[in-house]
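Chemist: Quick one: the structure is below, and I'll ask about it shortly.
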Amino acid sequence: MSWIRENTLNWLQLLAVKILKSGCVPKHVAFIMDGNRRYANRNGVKKIDGHSKGFDKLTETLQWCLELGIPEVTVYAFSIENFKRSEEEVNCLMDLARQKFQNLLDEREKLMEHGVCIRVIGNLSITPKDVQKLMAEAMLLTKDNNRAFLNVAFSYTSRDEITHAVKDVVKGVERADILAEDISENLISECLYTNHSPEPDLLIRTSGEIRFSDFLLWQTTSSCIYFTKVLWPEFSVWDLLAAVFYYQRCHLDMEAVKQTSQSLYVRNNNNRLVSFVNELQKDRESMLKKMSLGLAHS
Ligand code: FPP
Ligand code: MG
């Protein structure tokens with residue numbers, strides 16, 4: 001299954017898309033793709049087939065997002081908590097990631113032609129080395145693309161992400177690259193894995209669970225949150241359109257909140273901070289290069 005699909009919408013769905021596009025469309029949508037195993041259970045198939053269906057649904061959803069004019073999507077593909085699942089399931093999920101990232105690299109021309117930038121956000125050091133290598137290759141290959149952005153949260157939790165950001169800040173203070181009084185919300189945001197992305201406008205969680213499961217906790221304080229009972233493999237374009245319609249109704253209130261929080265951020269734009277953040281990015285890119293060559297330690 002290709003990561004980039006052709007349009008499969010019928011005329012009625014295209015009409016609904018067109019109507020929604022006349023309103024405000026979110027620029028960044030995040031998904032907690034939940035319910036793969038319940039789907040497998042209900043359909044009498046193996047858990048991994050549920051996850052595999054989940055991947056197919058992801059590619060379909062990405063196509064719908066493009067049709068809607070949503071340029072950035074972030075998906076929760078594997079939480080650090082998921083390492084606690086049975087060895088068999090974790091291995092199957094790693095196999096799926098291995099296979100899909102290999103496919104992604106195999107269709108590099110298509111990715112480049114569509115200008116898709118792939119970013120894996122998460123703790124790559126705890127991801128199996130061969131998967132880590134494929135992910136690093138995909139990120140380096142597509143890093144300058146800027147028409148569509150797909151952030152895949154893998155070996156990710158927010159608490160882990162924030163802990164790493166704080167450690168980077170502490171290192172900066174210890175080395176006297178920055179001062180303790182430079183520490184601000186803005187600086188922490190710049191040190192997160194998501195530092196290249198705007199905050200999600202809309203977060204969608206499927207399967208009826210009403211919780212965040214440690215996903216983008218820092219980034220979603222002013223996002224519109226949409227919960228739906230549908231299991232992820234059964235998510236349809238109508239479910240996506242319903243979520244966007246919900247977003248359109250709450251978007252005006254959210255804009256007011258965002259403006260207040262952004263105005264708190266502007267203060268810390270000094271040269272010391274800019275060069276600290278640039279160096280951090282360079283270090284992360286050189287780590288990615290090592291990973292892509294299979295030279296990084298797990
Ligand atoms: C949650 O459903 C889903 C996951 C833990 C895995 C999600 C992964 C994919 C959709 C495939 C994406 C793969 C790549 C390579 C991007 P669950 O297992 O918690 O199901 P349940 O809630 O019914 O138990
Ligand atoms: Mg679940």
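All residue names refer to the structure tokens as shown: chains lettered A, B, ... in order, residues numbered from 1 in each chain, ligands numbered from 1 in order.
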Which residues are near A:Leu295? Cut-off 12 Å, only C-alpha atoms, ignore same chain within fewer than 4 positions. Put them as an MDAnalysis selection string.
Modeler: chainID A and resid 125 129:130 132:133 136 286:291
Chemist: Could you write out the selected residues, including all heavy atoms, as an mmCIF file, in the first residue's frame?
Modeler:
```
data_model
loop_
_atom_site.group_PDB
_atom_site.id
_atom_site.type_symbol
_atom_site.label_atom_id
_atom_site.label_comp_id
_atom_site.auth_asym_id
_atom_site.auth_seq_id
_atom_site.Cartn_x
_atom_site.Cartn_y
_atom_site.Cartn_z
ATOM 1 N N SER A 125 16.154 6.781 19.854
ATOM 2 C CA SER A 125 17.223 5.945 20.422
ATOM 3 C C SER A 125 16.682 4.635 21.006
ATOM 4 O O SER A 125 17.428 3.680 21.160
ATOM 5 C CB SER A 125 18.012 6.726 21.475
ATOM 6 O OG SER A 125 17.202 6.941 22.601
ATOM 7 N N LYS A 129 17.318 -0.500 15.797
ATOM 8 C CA LYS A 129 18.291 0.230 14.980
ATOM 9 C C LYS A 129 17.954 0.265 13.490
ATOM 10 O O LYS A 129 18.128 1.284 12.827
ATOM 11 C CB LYS A 129 19.675 -0.376 15.180
ATOM 12 C CG LYS A 129 20.675 0.674 15.597
ATOM 13 C CD LYS A 129 22.015 0.091 15.885
ATOM 14 C CE LYS A 129 23.011 1.241 15.811
ATOM 15 N NZ LYS A 129 24.366 0.828 15.905
ATOM 16 N N ASP A 130 17.455 -0.864 12.949
ATOM 17 C CA ASP A 130 17.176 -0.873 11.509
ATOM 18 C C ASP A 130 15.968 0.019 11.176
ATOM 19 O O ASP A 130 15.941 0.681 10.139
ATOM 20 C CB ASP A 130 16.981 -2.309 10.983
ATOM 21 C CG ASP A 130 15.843 -3.036 11.666
ATOM 22 O OD1 ASP A 130 15.508 -2.685 12.814
ATOM 23 O OD2 ASP A 130 15.269 -3.947 11.050
ATOM 24 N N GLN A 132 15.065 2.640 13.014
ATOM 25 C CA GLN A 132 15.643 3.971 13.251
ATOM 26 C C GLN A 132 16.355 4.479 11.982
ATOM 27 O O GLN A 132 16.188 5.624 11.568
ATOM 28 C CB GLN A 132 16.642 3.768 14.386
ATOM 29 C CG GLN A 132 17.392 4.945 14.904
ATOM 30 C CD GLN A 132 18.495 4.470 15.874
ATOM 31 O OE1 GLN A 132 19.644 4.289 15.450
ATOM 32 N NE2 GLN A 132 18.174 4.263 17.128
ATOM 33 N N LYS A 133 17.106 3.571 11.354
ATOM 34 C CA LYS A 133 17.882 3.931 10.165
ATOM 35 C C LYS A 133 16.951 4.338 9.019
ATOM 36 O O LYS A 133 17.148 5.362 8.361
ATOM 37 C CB LYS A 133 18.738 2.716 9.760
ATOM 38 C CG LYS A 133 19.651 2.929 8.590
ATOM 39 C CD LYS A 133 20.572 1.715 8.430
ATOM 40 C CE LYS A 133 21.594 1.891 7.321
ATOM 41 N NZ LYS A 133 21.042 1.974 5.993
ATOM 42 N N ALA A 136 15.351 7.701 9.832
ATOM 43 C CA ALA A 136 16.312 8.808 9.660
ATOM 44 C C ALA A 136 16.513 9.094 8.165
ATOM 45 O O ALA A 136 16.540 10.261 7.739
ATOM 46 C CB ALA A 136 17.634 8.444 10.326
ATOM 47 N N SER A 286 22.814 16.052 12.846
ATOM 48 C CA SER A 286 23.985 15.182 12.673
ATOM 49 C C SER A 286 23.728 13.822 13.320
ATOM 50 O O SER A 286 24.210 12.796 12.812
ATOM 51 C CB SER A 286 25.284 15.845 13.144
ATOM 52 O OG SER A 286 25.224 16.051 14.501
ATOM 53 N N MET A 287 22.917 13.776 14.380
ATOM 54 C CA MET A 287 22.525 12.478 14.959
ATOM 55 C C MET A 287 21.703 11.680 13.940
ATOM 56 O O MET A 287 21.912 10.480 13.754
ATOM 57 C CB MET A 287 21.733 12.706 16.252
ATOM 58 C CG MET A 287 21.245 11.439 16.918
ATOM 59 S SD MET A 287 22.533 10.216 17.210
ATOM 60 C CE MET A 287 23.273 10.838 18.700
ATOM 61 N N LEU A 288 20.805 12.379 13.225
ATOM 62 C CA LEU A 288 19.998 11.703 12.195
ATOM 63 C C LEU A 288 20.896 11.131 11.105
ATOM 64 O O LEU A 288 20.680 10.012 10.632
ATOM 65 C CB LEU A 288 19.050 12.696 11.532
ATOM 66 C CG LEU A 288 17.680 12.914 12.150
ATOM 67 C CD1 LEU A 288 16.839 13.784 11.236
ATOM 68 C CD2 LEU A 288 16.969 11.582 12.398
ATOM 69 N N LYS A 289 21.912 11.922 10.720
ATOM 70 C CA LYS A 289 22.833 11.433 9.673
ATOM 71 C C LYS A 289 23.526 10.163 10.151
ATOM 72 O O LYS A 289 23.645 9.196 9.397
ATOM 73 C CB LYS A 289 23.845 12.527 9.305
ATOM 74 C CG LYS A 289 23.209 13.575 8.414
ATOM 75 C CD LYS A 289 24.179 14.635 7.966
ATOM 76 C CE LYS A 289 23.405 15.688 7.164
ATOM 77 N NZ LYS A 289 23.935 17.038 7.306
ATOM 78 N N LYS A 290 23.980 10.162 11.415
ATOM 79 C CA LYS A 290 24.630 8.958 11.967
ATOM 80 C C LYS A 290 23.654 7.786 11.928
ATOM 81 O O LYS A 290 24.010 6.675 11.545
ATOM 82 C CB LYS A 290 25.040 9.203 13.421
ATOM 83 C CG LYS A 290 26.357 9.899 13.565
ATOM 84 C CD LYS A 290 26.789 9.842 15.026
ATOM 85 C CE LYS A 290 27.939 10.796 15.261
ATOM 86 N NZ LYS A 290 28.054 11.188 16.662
ATOM 87 N N MET A 291 22.394 8.064 12.340
ATOM 88 C CA MET A 291 21.401 6.985 12.365
ATOM 89 C C MET A 291 21.174 6.436 10.966
ATOM 90 O O MET A 291 21.053 5.237 10.766
ATOM 91 C CB MET A 291 20.066 7.497 12.930
ATOM 92 C CG MET A 291 20.084 7.706 14.420
ATOM 93 S SD MET A 291 18.502 8.357 14.976
ATOM 94 C CE MET A 291 18.750 8.335 16.743
#
```
Chemist: Under the rule of at most 8 Å, produce a per-residue listing of stretch 32-62 of chain A near stretch 74-97 of chain A: chain, number, name, the closest pair of atoms, and the distance in Å, as JSON lines, using only C-alpha atoms.
Modeler:
```
{"residue": "A:Ile32", "atom": "CA", "partner": "A:Tyr76", "partner_atom": "CA", "distance": 5.3}
{"residue": "A:Met33", "atom": "CA", "partner": "A:Tyr76", "partner_atom": "CA", "distance": 6.5}
{"residue": "A:Lys47", "atom": "CA", "partner": "A:Glu89", "partner_atom": "CA", "distance": 7.6}
{"residue": "A:Ile48", "atom": "CA", "partner": "A:Cys92", "partner_atom": "CA", "distance": 6.3}
{"residue": "A:His51", "atom": "CA", "partner": "A:Leu93", "partner_atom": "CA", "distance": 7.5}
{"residue": "A:Ser52", "atom": "CA", "partner": "A:Leu96", "partner_atom": "CA", "distance": 7.3}
```
Chemist: Those same residues - C-alpha atoms - I'd like them written as an mmCIF file, in the first residue's frame.
Modeler:
```
data_model
loop_
_atom_site.group_PDB
_atom_site.id
_atom_site.type_symbol
_atom_site.label_atom_id
_atom_site.label_comp_id
_atom_site.auth_asym_id
_atom_site.auth_seq_id
_atom_site.Cartn_x
_atom_site.Cartn_y
_atom_site.Cartn_z
ATOM 1 C CA ILE A 32 -4.839 9.408 17.923
ATOM 2 C CA MET A 33 -5.564 6.399 15.726
ATOM 3 C CA LYS A 47 -4.309 -7.984 15.907
ATOM 4 C CA ILE A 48 -1.624 -7.208 13.349
ATOM 5 C CA HIS A 51 -2.913 -2.494 12.728
ATOM 6 C CA SER A 52 -2.324 -3.105 9.044
#
```
Chemist: What lies within 9 Å of stretch 66-72 of chain A using only C-alpha atoms, ignoring chain neighbours under 6 positions off, as a list of chain:residue names?
Modeler: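 The filter keeps A:Asn7, A:Leu14, A:Val17, A:Lys18, A:Leu20, A:Lys21, A:Val25, A:Pro26, A:Lys27, A:His28, A:Val29, A:Ala30, A:Asn146, A:Arg147, A:Ala148, A:Phe149, A:Leu150, A:Asn151, A:Ser197, A:Pro198, A:Pro200, A:Leu241.
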Chemist: Return as CSV the residues of chain A lying at most 9 Å from ligand 2, together with the closest atom-to-atom pair for each and the distance in Å to one decimal, counting only C-alpha atoms and all ligand atoms, with rows in chain order and ascending residue number.
Modeler:
```
residue,atom,partner,partner_atom_place_in_ligand_line,distance
A:Met33,CA,ligand 2,1 (Mg),8.2
A:Asp34,CA,ligand 2,1 (Mg),4.8
A:Gly35,CA,ligand 2,1 (Mg),5.2
A:Asn36,CA,ligand 2,1 (Mg),7.2
A:Arg37,CA,ligand 2,1 (Mg),7.3
A:Arg38,CA,ligand 2,1 (Mg),8.1
A:Ser207,CA,ligand 2,1 (Mg),7.7
A:Glu209,CA,ligand 2,1 (Mg),8.0
```
Chemist: Using the selection just defined, write its residues with N, CA and C atoms as a tab-separated table (two decimals), in the first residue's frame.
Modeler:
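Writing the result to result_37.tsv gives the following:
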```tsv
chain	number	residue	atom	x	y	z
A	33	MET	N	-4.92	7.42	16.58
A	33	MET	CA	-5.56	6.40	15.73
A	33	MET	C	-5.86	5.18	16.61
A	34	ASP	N	-6.95	5.23	17.36
A	34	ASP	CA	-7.18	4.18	18.36
A	34	ASP	C	-8.30	3.23	17.92
A	35	GLY	N	-8.17	1.96	18.33
A	35	GLY	CA	-9.24	0.99	18.11
A	35	GLY	C	-8.89	-0.13	17.13
A	36	ASN	N	-7.61	-0.24	16.76
A	36	ASN	CA	-7.22	-1.27	15.78
A	36	ASN	C	-7.47	-2.69	16.28
A	37	ARG	N	-7.18	-2.93	17.58
A	37	ARG	CA	-7.33	-4.31	18.08
A	37	ARG	C	-8.80	-4.67	18.27
A	38	ARG	N	-9.60	-3.68	18.71
A	38	ARG	CA	-11.05	-3.97	18.84
A	38	ARG	C	-11.63	-4.27	17.46
A	207	SER	N	-12.33	5.79	18.52
A	207	SER	CA	-12.61	4.59	19.36
A	207	SER	C	-13.35	4.87	20.65
A	209	GLU	N	-12.53	6.47	23.33
A	209	GLU	CA	-11.76	6.75	24.56
A	209	GLU	C	-11.59	8.26	24.69
```
Chemist: From the list A:Leu231, A:Ile210, A:Ala16, A:Cys224, which residue is nearest ligand 1 when using only C-alpha atoms and all ligand atoms?
Modeler: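 Under the stated criterion, the closest residue is A:Leu231.
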Chemist: Skip stretch 184-196 of chain A itself and residues of its chain fewer than 2 positions away, then list as a list of chain:residue names all residues within 9 Å of it, counting only C-alpha atoms.
Modeler: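 Contacts, with the query itself left out: A:Val120, A:Ile121, A:Gly122, A:Asn123, A:Asn151, A:Glu161, A:Ile162, A:His164, A:Ala165, A:Val166, A:Asp168, A:Val169, A:Glu181, A:Asp182, A:Pro198, A:Glu199, A:Leu216, A:Trp218, A:Gln219, A:Leu264, A:Tyr265, A:Val266, A:Arg267, A:Asn268, A:Leu273, A:Val277, A:Leu280, A:Gln281.
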Chemist: What separation in Å, quoted to one decimal, exists between atom CA of A:Phe235 and atom CA of A:Arg205?
Modeler: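 Value for the atom CA of A:Phe235-atom CA of A:Arg205 distance: 10.4 Å.
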Chemist: Using only C-alpha atoms and all ligand atoms, find the one residue out of A:Leu58, A:Leu15, A:Leu179, A:Ile225 that sits nearest to ligand 1.
Modeler: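 Nearest candidate to ligand 1 out of A:Leu58, A:Leu15, A:Leu179, A:Ile225: A:Leu58.
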Chemist: Rounded to one decimal in Å, what is the spacing between atom CA of A:Gly115 and atom CA of A:Lys143?
Modeler: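 Atom-to-atom, atom CA of A:Gly115 to atom CA of A:Lys143, that is 9.7 Å.
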Chemist: Provide the atom CA of A:Val230 to atom CA of A:Ser22 distance in Å, to one decimal place.
Modeler: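 Answer for the atom CA of A:Val230 to atom CA of A:Ser22 separation: 26.4 Å.
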Chemist: Which parts of stretch 178-220 of chain A does DSSP call strand (DSSP E) when run on the backbone here, written out as a list in words?
Modeler: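 These are the residues in question: Leu202, Leu203, Ile204 and Arg205 of chain A.
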Chemist: Can you tell me which residues surround stretch 54-57 of chain A at a distance of at most 7 Å, considering only C-alpha atoms, apart from same-chain residues fewer than 3 positions away, and format the answer as a PDB file with C-alpha atoms, in the first residue's frame?
Modeler:
```pdb
ATOM      1  CA  MET A   1       0.000   0.000   0.000  1.00  0.00           C
ATOM      2  CA  ASN A  36      -7.215  -1.268  15.782  1.00  0.00           C
ATOM      3  CA  GLY A  50      -6.098  -4.608  12.603  1.00  0.00           C
ATOM      4  CA  HIS A  51      -2.913  -2.494  12.728  1.00  0.00           C
ATOM      5  CA  GLU A  60      -6.582   7.207   2.942  1.00  0.00           C
ATOM      6  CA  THR A  61      -6.962   9.909   5.593  1.00  0.00           C
ATOM      7  CA  TRP A 232      -9.749   3.870  13.535  1.00  0.00           C
ATOM      8  CA  PRO A 233      -9.847   1.269  10.690  1.00  0.00           C
TER       9      PRO A 233
END
```
Chemist: Which residue out of A:Glu113, A:Asp177, A:Asp144, A:Glu234 has the minimum interatomic distance to ligand 1 when only C-alpha atoms and all ligand atoms are used?
Modeler: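 Going through A:Glu113, A:Asp177, A:Asp144, A:Glu234 one by one, the smallest distance to ligand 1 is for A:Glu234.
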Chemist: What's around A:Arg272 at 7 Å? Count only C-alpha atoms, leave out sequence neighbours fewer than 3 positions away in its own chain, and write the answer as a list in words.
Modeler: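 Answer for this query is Ile178, Ser275 and Phe276 of chain A.
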